[in-house]
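Down below is the structure, laid out as structure tokens.
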Amino acid sequence: LAKVDDITMDPGYAPSGTDASAVMNDIEIFMPLKGLIDFDKERARLRSQIEKLDTELNRLNGQLSNEDFVNKAPAEKVESLRERKVEIESQSATLNGNLEALA
């Protein structure tokens, strides 16, 4: 499925910051990405996504900090916005972690 030519099992492998990683059961898998992707473009893409999430998060924080809105809006709507806020914060943390890994 991965269309790889070679797989190496090396318990002493020291991953670099540009390796992709995954964990399956108790096995950690690394895939070197150097030479496969343009890291500058990937950093720009991540920054752009983070900016969009930050904009939406600021909008949600504005709505949720407005007592009139929270008191007058249907409870389902307010709860939906709170759930979306948590989701955005999680996505943003993941993207920031990915960005830091590429630094």
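Order determines the names: the first chain of the structure tokens is A, the second B, and so forth; residues in each chain are numbered 1 upward, and ligands are numbered 1 upward as they are shown.
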Filtered DSSP result for chain A, state strand (DSSP E or B), as number ranges by chain: A: 19-24, 27-32
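Counting only C-alpha atoms, Ala2 (chain A) has the following residues at most 12 Å away, ignoring those fewer than 4 positions along the same chain: Asp6, Ile7 and Met31 of chain A.
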Export of prior selection with C-alpha atoms as a compact mmCIF listing (two decimals), in the first residue's frame:
# COMPACT_ATOMS: atom_id res chain seq x y z
CA ASP A 6 12.77 -0.79 1.29
CA ILE A 7 11.73 -1.24 4.90
CA MET A 31 9.21 7.71 7.58
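Pairwise distance (CA of Met9 (chain A), CA of Ile29 (chain A)) equals 9.2 Å.
Proximity to Asp40 (chain A) at 12 Å, evaluated using only C-alpha atoms and with sequence-adjacent residues fewer than 3 positions away removed, yields Thr18, Lys34, Ile37, Arg43, Ala44, Arg45, Leu46, Arg47, Leu99, Leu102 and Ala103 of chain A.
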Which of A:Leu81, A:Glu28, A:Ser90, A:Lys41 sits closest to Asn61 (chain A) [using only C-alpha atoms]: A:Leu81
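When only C-alpha atoms are used to compute distances to Leu95 (chain A), the closest of the residues A:Ser48, A:Gly35, A:Pro74, A:Ser16 turns out to be A:Ser48.
Taking region 4-51 of chain A and asking which residues DSSP calls helix (DSSP H, G or I) on the backbone, you get Phe39, Asp40, Lys41, Glu42, Arg43, Ala44, Arg45, Leu46, Arg47, Ser48, Gln49, Ile50 and Glu51 of chain A.
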Neighbours of Gln49 (chain A) within 12 Å (only C-alpha atoms; same-chain residues fewer than 4 positions away dropped), as a JSON list (two decimals) with C-alpha atoms, in the first residue's frame?
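Saved file selection-v8.json follows:
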[["chain", "number", "residue", "atom", "x", "y", "z"],
["A", 42, "GLU", "CA", 4.38, 22.89, 4.26],
["A", 43, "ARG", "CA", 5.23, 25.50, 6.91],
["A", 44, "ALA", "CA", 3.31, 28.15, 4.93],
["A", 45, "ARG", "CA", 0.33, 25.81, 4.58],
["A", 53, "LEU", "CA", -8.50, 28.61, 13.01],
["A", 54, "ASP", "CA", -7.35, 31.57, 15.12],
["A", 55, "THR", "CA", -9.79, 33.84, 13.29],
["A", 56, "GLU", "CA", -12.67, 31.44, 13.91],
["A", 88, "ILE", "CA", -10.67, 24.28, 17.09],
["A", 91, "GLN", "CA", -6.85, 21.26, 15.86],
["A", 92, "SER", "CA", -4.77, 24.37, 16.45],
["A", 93, "ALA", "CA", -2.61, 22.60, 19.04],
["A", 94, "THR", "CA", -2.00, 19.73, 16.62],
["A", 95, "LEU", "CA", -1.09, 22.06, 13.75],
["A", 96, "ASN", "CA", 1.20, 24.12, 16.00],
["A", 98, "ASN", "CA", 3.36, 19.90, 13.44],
["A", 99, "LEU", "CA", 4.77, 23.34, 12.66]]
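Straight-line separation from CA of Gly97 (chain A) to CA of Lys52 (chain A): 16.2 Å.
Taking CA of Ser21 (chain A) as the reference point, CA of Phe39 (chain A) is found at 16.0 Å.
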